[in-house]
Amino acid sequence: MKKLVLATPRGFCAGVDRAIHVVEKAIEKFGTPIYVRHEIVHNKFVVETLKAKGVIFVDEVSEIPEGSVVIFSAHGVAEQIYSDAEARHLRVLDASCPLVLKVHFSAKRHYDAGRHIILIGHAGHAEVVGTLGQLPEGAISLIGNEADVDTVQVPESKELAYITQTTLSVAETRKIIEALKKRFPNIIGPDAGDLCYATGNRQAAVLELCQHVEMLLVVGAKNSSNSSRLMELGLEQGIPSHLIADVHDLDPTWFEGVNTVGLSSGASAPEVLVQGVVEFLKEKNKGLEVENLVKLVENTKFKLPGSLQD
């Protein structure tokens, strides 16, 4: 191996950065223990780091002592979760990504206008569960691919709208939306879906990267939707592509006969894990050339909740 090329932008998006800062600020202000419902972001390293600082992660708010401080993850939560927290007199700090909350708002706006909603997303993903939970059961139909467009059942008497998960494949989402419009010509929704800026930017950077490398490595968790999409994008470009949690997942056989390797990371993967891979490869390949391929520079920042602002 002679050259390592890093994609830019990569790693933390503004929503993930905000969510982690919410937890850190809450520790400063309220002390520990601080409770977080589900993984604050989909990354084991981040979760374990926060656990070491006194954060307790739980599956449901019923596990949290009454009157405690609870933080909801960046993925957003169902309306019922807010009610459950209120019933236990919990102090809620919402780390939901503002772009996910925007999707929630769209769902409620369409529902109030009398429309039936089709959600494009992955069943069981935390963000999708939260979005489905914004409205009464049956108000939203979930589809995950083009084939689902042909079989989805919707009320004949209602107008239709679509919304999307924020971390999907840009290209695949476009195809699904086109199929929806073909079957339901009057359906309304955003032309490119509700994909967040970071999802599109990281996919564009990886597409560019794939033109210059023979293999792609993506640092990210297996349950991270946006990380998986980056790895799949590399495969679609015809190059071997691997999703790794950290340097320990590297397989020496991957590098046999490969001179140029690309490296990116999902929106919930900290840069320290990327640099761990960089340092490991530099140690194993003396004189390794490291290049940063900049597609664009991101400047997006989201404010912390008012109660945590200095």
# chains A, B, ... in the order shown; residues from 1 in each chain; ligands from 1

call {"tool": "residues_around", "arguments": {"residues": "region 293-310 of chain A", "least_positions_apart": "2", "cutoff": "6 Å", "atoms": "only C-alpha atoms", "output": "list in words"}}
result
Leu6, Ala7, Thr8, Ala14 and Ala205 of chain A

call {"tool": "select_by_dssp", "arguments": {"residues": "region 49-280 of chain A", "states": "strand (DSSP E or B)", "output": "JSON list (two decimals) with C-alpha atoms, in the first residue's frame"}}
result
[["chain", "number", "residue", "atom", "x", "y", "z"],
["A", 55, "VAL", "CA", -23.95, 8.49, 32.07],
["A", 56, "ILE", "CA", -26.43, 5.62, 32.42],
["A", 57, "PHE", "CA", -28.04, 4.36, 29.20],
["A", 58, "VAL", "CA", -31.48, 2.78, 29.44],
["A", 69, "VAL", "CA", -32.54, 14.10, 34.33],
["A", 70, "VAL", "CA", -33.08, 12.22, 31.06],
["A", 71, "ILE", "CA", -31.71, 12.97, 27.62],
["A", 72, "PHE", "CA", -33.40, 11.77, 24.45],
["A", 91, "ARG", "CA", -36.38, 16.60, 33.60],
["A", 92, "VAL", "CA", -36.12, 16.15, 29.84],
["A", 93, "LEU", "CA", -33.25, 17.44, 27.71],
["A", 94, "ASP", "CA", -33.99, 16.75, 24.07],
["A", 116, "HIS", "CA", -52.19, 10.20, 4.59],
["A", 117, "ILE", "CA", -48.41, 10.02, 4.89],
["A", 118, "ILE", "CA", -45.93, 7.60, 3.32],
["A", 119, "LEU", "CA", -42.60, 7.41, 5.17],
["A", 120, "ILE", "CA", -39.55, 6.20, 3.25],
["A", 140, "ILE", "CA", -48.27, 6.76, 8.32],
["A", 141, "SER", "CA", -47.41, 3.92, 5.94],
["A", 142, "LEU", "CA", -43.75, 2.82, 5.93],
["A", 143, "ILE", "CA", -41.92, 1.73, 2.78],
["A", 160, "LEU", "CA", -51.09, 11.78, -0.01],
["A", 161, "ALA", "CA", -47.74, 13.17, 1.14],
["A", 162, "TYR", "CA", -44.35, 11.57, 1.64],
["A", 163, "ILE", "CA", -41.52, 12.17, 4.10],
["A", 164, "THR", "CA", -38.20, 10.37, 4.50],
["A", 188, "ILE", "CA", -46.61, 15.87, -2.46],
["A", 215, "MET", "CA", -10.54, 0.08, -1.94],
["A", 216, "LEU", "CA", -12.78, 1.96, 0.53],
["A", 217, "LEU", "CA", -12.80, 1.84, 4.32],
["A", 218, "VAL", "CA", -15.65, 3.45, 6.27],
["A", 219, "VAL", "CA", -15.35, 3.93, 10.01],
["A", 241, "SER", "CA", -15.55, -1.65, 0.56],
["A", 242, "HIS", "CA", -15.55, -2.39, 4.29],
["A", 243, "LEU", "CA", -17.42, -0.93, 7.27],
["A", 244, "ILE", "CA", -15.22, -1.02, 10.38],
["A", 260, "THR", "CA", -4.39, 3.23, -2.96],
["A", 261, "VAL", "CA", -7.01, 3.10, -0.18],
["A", 262, "GLY", "CA", -9.81, 5.55, 0.56],
["A", 263, "LEU", "CA", -11.00, 6.31, 4.10],
["A", 264, "SER", "CA", -14.21, 7.98, 5.29],
["A", 265, "SER", "CA", -16.42, 7.83, 8.37]]

call {"tool": "atom_distance", "arguments": {"atom1": "CA of Asn201 (chain A)", "atom2": "CA of Cys13 (chain A)"}}
result
10.0 Å

call {"tool": "residues_around", "arguments": {"residues": "region 220-227 of chain A", "least_positions_apart": "6", "cutoff": "9 Å", "atoms": "only C-alpha atoms", "output": "ChimeraX atom specification"}}
result
/A:11,41-44,122,125,166-169,199,202-203,243-246,264-270,273

call {"tool": "write_last_selection", "arguments": {"atoms": "C-alpha atoms", "output": "mmCIF file, in the first residue's frame"}}
result
data_model
loop_
_atom_site.group_PDB
_atom_site.id
_atom_site.type_symbol
_atom_site.label_atom_id
_atom_site.label_comp_id
_atom_site.auth_asym_id
_atom_site.auth_seq_id
_atom_site.Cartn_x
_atom_site.Cartn_y
_atom_site.Cartn_z
ATOM 1 C CA GLY A 11 -17.379 12.095 10.624
ATOM 2 C CA VAL A 41 -25.720 8.347 18.720
ATOM 3 C CA HIS A 42 -24.989 5.054 16.980
ATOM 4 C CA ASN A 43 -21.377 4.596 18.040
ATOM 5 C CA LYS A 44 -20.077 2.265 20.753
ATOM 6 C CA HIS A 122 -35.756 1.471 7.346
ATOM 7 C CA HIS A 125 -34.332 2.185 12.890
ATOM 8 C CA THR A 166 -32.748 11.655 7.006
ATOM 9 C CA THR A 167 -29.895 9.157 6.537
ATOM 10 C CA LEU A 168 -30.826 7.221 3.401
ATOM 11 C CA SER A 169 -28.982 6.753 0.122
ATOM 12 C CA THR A 199 -25.874 12.556 4.502
ATOM 13 C CA ARG A 202 -20.662 12.516 2.888
ATOM 14 C CA GLN A 203 -22.081 10.452 0.051
ATOM 15 C CA LEU A 243 -17.416 -0.934 7.272
ATOM 16 C CA ILE A 244 -15.217 -1.025 10.375
ATOM 17 C CA ALA A 245 -15.907 0.005 13.965
ATOM 18 C CA ASP A 246 -12.241 0.881 14.527
ATOM 19 C CA SER A 264 -14.206 7.977 5.286
ATOM 20 C CA SER A 265 -16.416 7.833 8.367
ATOM 21 C CA GLY A 266 -20.089 8.011 9.221
ATOM 22 C CA ALA A 267 -21.762 11.010 10.820
ATOM 23 C CA SER A 268 -21.660 9.424 14.295
ATOM 24 C CA ALA A 269 -18.022 8.251 14.162
ATOM 25 C CA PRO A 270 -15.492 10.369 16.105
ATOM 26 C CA LEU A 273 -11.163 6.484 15.432
#

call {"tool": "select_by_dssp", "arguments": {"residues": "region 96-210 of chain A", "states": "alpha helix (DSSP H)", "output": "PyMOL selection string"}}
result
chain A and resi 98-112+126-132+146-151+170-183+197-209

call {"tool": "write_last_selection", "arguments": {"atoms": "C-alpha atoms", "output": "compact mmCIF listing (two decimals), in the first residue's frame"}}
result
# COMPACT_ATOMS: atom_id res chain seq x y z
CA PRO A 98 -33.23 19.61 14.52
CA LEU A 99 -33.42 18.09 11.02
CA VAL A 100 -35.20 15.03 12.41
CA LEU A 101 -37.60 17.29 14.30
CA LYS A 102 -38.27 19.07 11.00
CA VAL A 103 -39.48 15.74 9.58
CA HIS A 104 -41.72 15.29 12.63
CA PHE A 105 -43.18 18.74 12.03
CA SER A 106 -43.85 17.90 8.37
CA ALA A 107 -45.64 14.70 9.36
CA LYS A 108 -47.92 16.58 11.77
CA ARG A 109 -48.55 19.35 9.24
CA HIS A 110 -49.66 16.85 6.58
CA TYR A 111 -51.79 14.97 9.11
CA ASP A 112 -53.52 18.18 10.22
CA ALA A 126 -34.55 4.51 15.91
CA GLU A 127 -35.31 7.56 13.76
CA VAL A 128 -38.11 5.77 11.91
CA VAL A 129 -39.63 4.50 15.15
CA GLY A 130 -39.65 8.04 16.49
CA THR A 131 -41.23 9.48 13.35
CA LEU A 132 -43.96 6.81 13.23
CA GLU A 146 -39.02 0.66 -4.80
CA ALA A 147 -40.79 -2.70 -4.62
CA ASP A 148 -42.79 -1.51 -1.60
CA VAL A 149 -44.24 1.32 -3.71
CA ASP A 150 -46.26 -1.20 -5.72
CA THR A 151 -47.75 -2.91 -2.67
CA VAL A 170 -29.42 9.87 -2.02
CA ALA A 171 -29.68 7.87 -5.26
CA GLU A 172 -32.00 5.19 -3.85
CA THR A 173 -34.29 7.77 -2.26
CA ARG A 174 -34.58 9.57 -5.59
CA LYS A 175 -35.66 6.34 -7.29
CA ILE A 176 -38.28 5.59 -4.62
CA ILE A 177 -39.70 9.11 -4.87
CA GLU A 178 -39.91 8.80 -8.65
CA ALA A 179 -41.77 5.50 -8.27
CA LEU A 180 -44.17 7.07 -5.74
CA LYS A 181 -44.93 9.94 -8.10
CA LYS A 182 -45.52 7.51 -10.94
CA ARG A 183 -48.07 5.49 -8.94
CA TYR A 197 -27.12 17.96 4.49
CA ALA A 198 -24.50 15.71 6.11
CA THR A 199 -25.87 12.56 4.50
CA GLY A 200 -25.70 14.09 1.04
CA ASN A 201 -22.31 15.70 1.61
CA ARG A 202 -20.66 12.52 2.89
CA GLN A 203 -22.08 10.45 0.05
CA ALA A 204 -20.87 13.01 -2.51
CA ALA A 205 -17.41 12.98 -0.93
CA VAL A 206 -17.24 9.18 -1.04
CA LEU A 207 -18.39 9.13 -4.68
CA GLU A 208 -15.54 11.48 -5.52
CA LEU A 209 -13.11 9.44 -3.40

call {"tool": "residues_around", "arguments": {"residues": "Ser68 (chain A)", "least_positions_apart": "2", "cutoff": "12 Å", "atoms": "only C-alpha atoms", "output": "list in words"}}
result
Ala26, Phe30, Gly31, Thr32, Pro33, Ile34, Tyr35, Val36, Ile56, Val61, Ser62, Glu63, Ile64, Pro65, Glu66, Val70, Ile71, Ala85, Glu86, Arg88, His89, Leu90, Arg91, Val92 and Leu93 of chain A

call {"tool": "atom_distance", "arguments": {"atom1": "CA of Pro252 (chain A)", "atom2": "CA of Met1 (chain A)"}}
result
11.0 Å

call {"tool": "decode", "arguments": {"residues": "region 198-234 of chain A", "atoms": "N, CA and C atoms", "output": "JSON list (two decimals), in the first residue's frame"}}
result
[["chain", "number", "residue", "atom", "x", "y", "z"],
["A", 198, "ALA", "N", -25.68, 16.52, 5.85],
["A", 198, "ALA", "CA", -24.50, 15.71, 6.11],
["A", 198, "ALA", "C", -24.54, 14.39, 5.35],
["A", 199, "THR", "N", -25.73, 13.80, 5.25],
["A", 199, "THR", "CA", -25.87, 12.56, 4.50],
["A", 199, "THR", "C", -25.47, 12.76, 3.05],
["A", 200, "GLY", "N", -26.02, 13.81, 2.43],
["A", 200, "GLY", "CA", -25.70, 14.09, 1.04],
["A", 200, "GLY", "C", -24.24, 14.45, 0.84],
["A", 201, "ASN", "N", -23.70, 15.26, 1.74],
["A", 201, "ASN", "CA", -22.31, 15.70, 1.61],
["A", 201, "ASN", "C", -21.33, 14.54, 1.73],
["A", 202, "ARG", "N", -21.57, 13.64, 2.70],
["A", 202, "ARG", "CA", -20.66, 12.52, 2.89],
["A", 202, "ARG", "C", -20.75, 11.53, 1.74],
["A", 203, "GLN", "N", -21.95, 11.34, 1.20],
["A", 203, "GLN", "CA", -22.08, 10.45, 0.05],
["A", 203, "GLN", "C", -21.41, 11.04, -1.18],
["A", 204, "ALA", "N", -21.53, 12.35, -1.38],
["A", 204, "ALA", "CA", -20.87, 13.01, -2.51],
["A", 204, "ALA", "C", -19.35, 12.90, -2.39],
["A", 205, "ALA", "N", -18.85, 13.07, -1.16],
["A", 205, "ALA", "CA", -17.41, 12.98, -0.93],
["A", 205, "ALA", "C", -16.89, 11.57, -1.20],
["A", 206, "VAL", "N", -17.66, 10.56, -0.81],
["A", 206, "VAL", "CA", -17.24, 9.18, -1.04],
["A", 206, "VAL", "C", -17.31, 8.84, -2.53],
["A", 207, "LEU", "N", -18.32, 9.34, -3.22],
["A", 207, "LEU", "CA", -18.39, 9.13, -4.68],
["A", 207, "LEU", "C", -17.16, 9.69, -5.37],
["A", 208, "GLU", "N", -16.74, 10.87, -4.95],
["A", 208, "GLU", "CA", -15.54, 11.48, -5.52],
["A", 208, "GLU", "C", -14.31, 10.65, -5.14],
["A", 209, "LEU", "N", -14.24, 10.23, -3.90],
["A", 209, "LEU", "CA", -13.11, 9.44, -3.40],
["A", 209, "LEU", "C", -12.94, 8.15, -4.20],
["A", 210, "CYS", "N", -14.07, 7.52, -4.51],
["A", 210, "CYS", "CA", -14.02, 6.22, -5.20],
["A", 210, "CYS", "C", -13.42, 6.31, -6.60],
["A", 211, "GLN", "N", -13.35, 7.51, -7.15],
["A", 211, "GLN", "CA", -12.73, 7.68, -8.47],
["A", 211, "GLN", "C", -11.20, 7.65, -8.39],
["A", 212, "HIS", "N", -10.65, 7.67, -7.17],
["A", 212, "HIS", "CA", -9.21, 7.81, -7.00],
["A", 212, "HIS", "C", -8.57, 6.66, -6.23],
["A", 213, "VAL", "N", -9.38, 5.69, -5.77],
["A", 213, "VAL", "CA", -8.84, 4.63, -4.92],
["A", 213, "VAL", "C", -9.26, 3.24, -5.42],
["A", 214, "GLU", "N", -8.59, 2.23, -4.88],
["A", 214, "GLU", "CA", -8.87, 0.84, -5.26],
["A", 214, "GLU", "C", -9.70, 0.11, -4.21],
["A", 215, "MET", "N", -9.77, 0.69, -3.02],
["A", 215, "MET", "CA", -10.54, 0.08, -1.94],
["A", 215, "MET", "C", -11.04, 1.18, -1.02],
["A", 216, "LEU", "N", -12.19, 0.96, -0.38],
["A", 216, "LEU", "CA", -12.78, 1.96, 0.53],
["A", 216, "LEU", "C", -12.96, 1.38, 1.92],
["A", 217, "LEU", "N", -12.53, 2.15, 2.91],
["A", 217, "LEU", "CA", -12.80, 1.84, 4.32],
["A", 217, "LEU", "C", -13.70, 2.92, 4.89],
["A", 218, "VAL", "N", -14.74, 2.51, 5.61],
["A", 218, "VAL", "CA", -15.65, 3.45, 6.27],
["A", 218, "VAL", "C", -15.67, 3.14, 7.75],
["A", 219, "VAL", "N", -15.29, 4.11, 8.57],
["A", 219, "VAL", "CA", -15.35, 3.93, 10.01],
["A", 219, "VAL", "C", -16.76, 4.29, 10.49],
["A", 220, "GLY", "N", -17.40, 3.34, 11.15],
["A", 220, "GLY", "CA", -18.76, 3.58, 11.62],
["A", 220, "GLY", "C", -19.35, 2.32, 12.22],
["A", 221, "ALA", "N", -20.45, 2.47, 12.94],
["A", 221, "ALA", "CA", -21.09, 1.33, 13.58],
["A", 221, "ALA", "C", -21.98, 0.58, 12.60],
["A", 222, "LYS", "N", -22.11, -0.73, 12.84],
["A", 222, "LYS", "CA", -22.94, -1.56, 11.97],
["A", 222, "LYS", "C", -24.40, -1.10, 11.97],
["A", 223, "ASN", "N", -24.86, -0.54, 13.10],
["A", 223, "ASN", "CA", -26.26, -0.09, 13.19],
["A", 223, "ASN", "C", -26.42, 1.38, 12.81],
["A", 224, "SER", "N", -25.37, 1.98, 12.25],
["A", 224, "SER", "CA", -25.44, 3.36, 11.77],
["A", 224, "SER", "C", -25.89, 3.36, 10.32],
["A", 225, "SER", "N", -27.07, 3.88, 10.08],
["A", 225, "SER", "CA", -27.63, 3.88, 8.72],
["A", 225, "SER", "C", -26.74, 4.63, 7.75],
["A", 226, "ASN", "N", -26.31, 5.84, 8.12],
["A", 226, "ASN", "CA", -25.54, 6.65, 7.18],
["A", 226, "ASN", "C", -24.17, 6.03, 6.90],
["A", 227, "SER", "N", -23.58, 5.36, 7.89],
["A", 227, "SER", "CA", -22.29, 4.69, 7.68],
["A", 227, "SER", "C", -22.43, 3.53, 6.71],
["A", 228, "SER", "N", -23.49, 2.75, 6.89],
["A", 228, "SER", "CA", -23.73, 1.63, 5.99],
["A", 228, "SER", "C", -23.94, 2.09, 4.55],
["A", 229, "ARG", "N", -24.63, 3.24, 4.38],
["A", 229, "ARG", "CA", -24.86, 3.75, 3.03],
["A", 229, "ARG", "C", -23.54, 4.12, 2.35],
["A", 230, "LEU", "N", -22.58, 4.65, 3.11],
["A", 230, "LEU", "CA", -21.28, 5.02, 2.55],
["A", 230, "LEU", "C", -20.55, 3.78, 2.05],
["A", 231, "MET", "N", -20.57, 2.72, 2.85],
["A", 231, "MET", "CA", -19.92, 1.48, 2.45],
["A", 231, "MET", "C", -20.59, 0.89, 1.21],
["A", 232, "GLU", "N", -21.92, 0.92, 1.19],
["A", 232, "GLU", "CA", -22.66, 0.39, 0.03],
["A", 232, "GLU", "C", -22.37, 1.20, -1.23],
["A", 233, "LEU", "N", -22.15, 2.49, -1.05],
["A", 233, "LEU", "CA", -21.84, 3.36, -2.18],
["A", 233, "LEU", "C", -20.53, 2.93, -2.84],
["A", 234, "GLY", "N", -19.55, 2.57, -2.01],
["A", 234, "GLY", "CA", -18.29, 2.08, -2.55],
["A", 234, "GLY", "C", -18.48, 0.80, -3.34]]
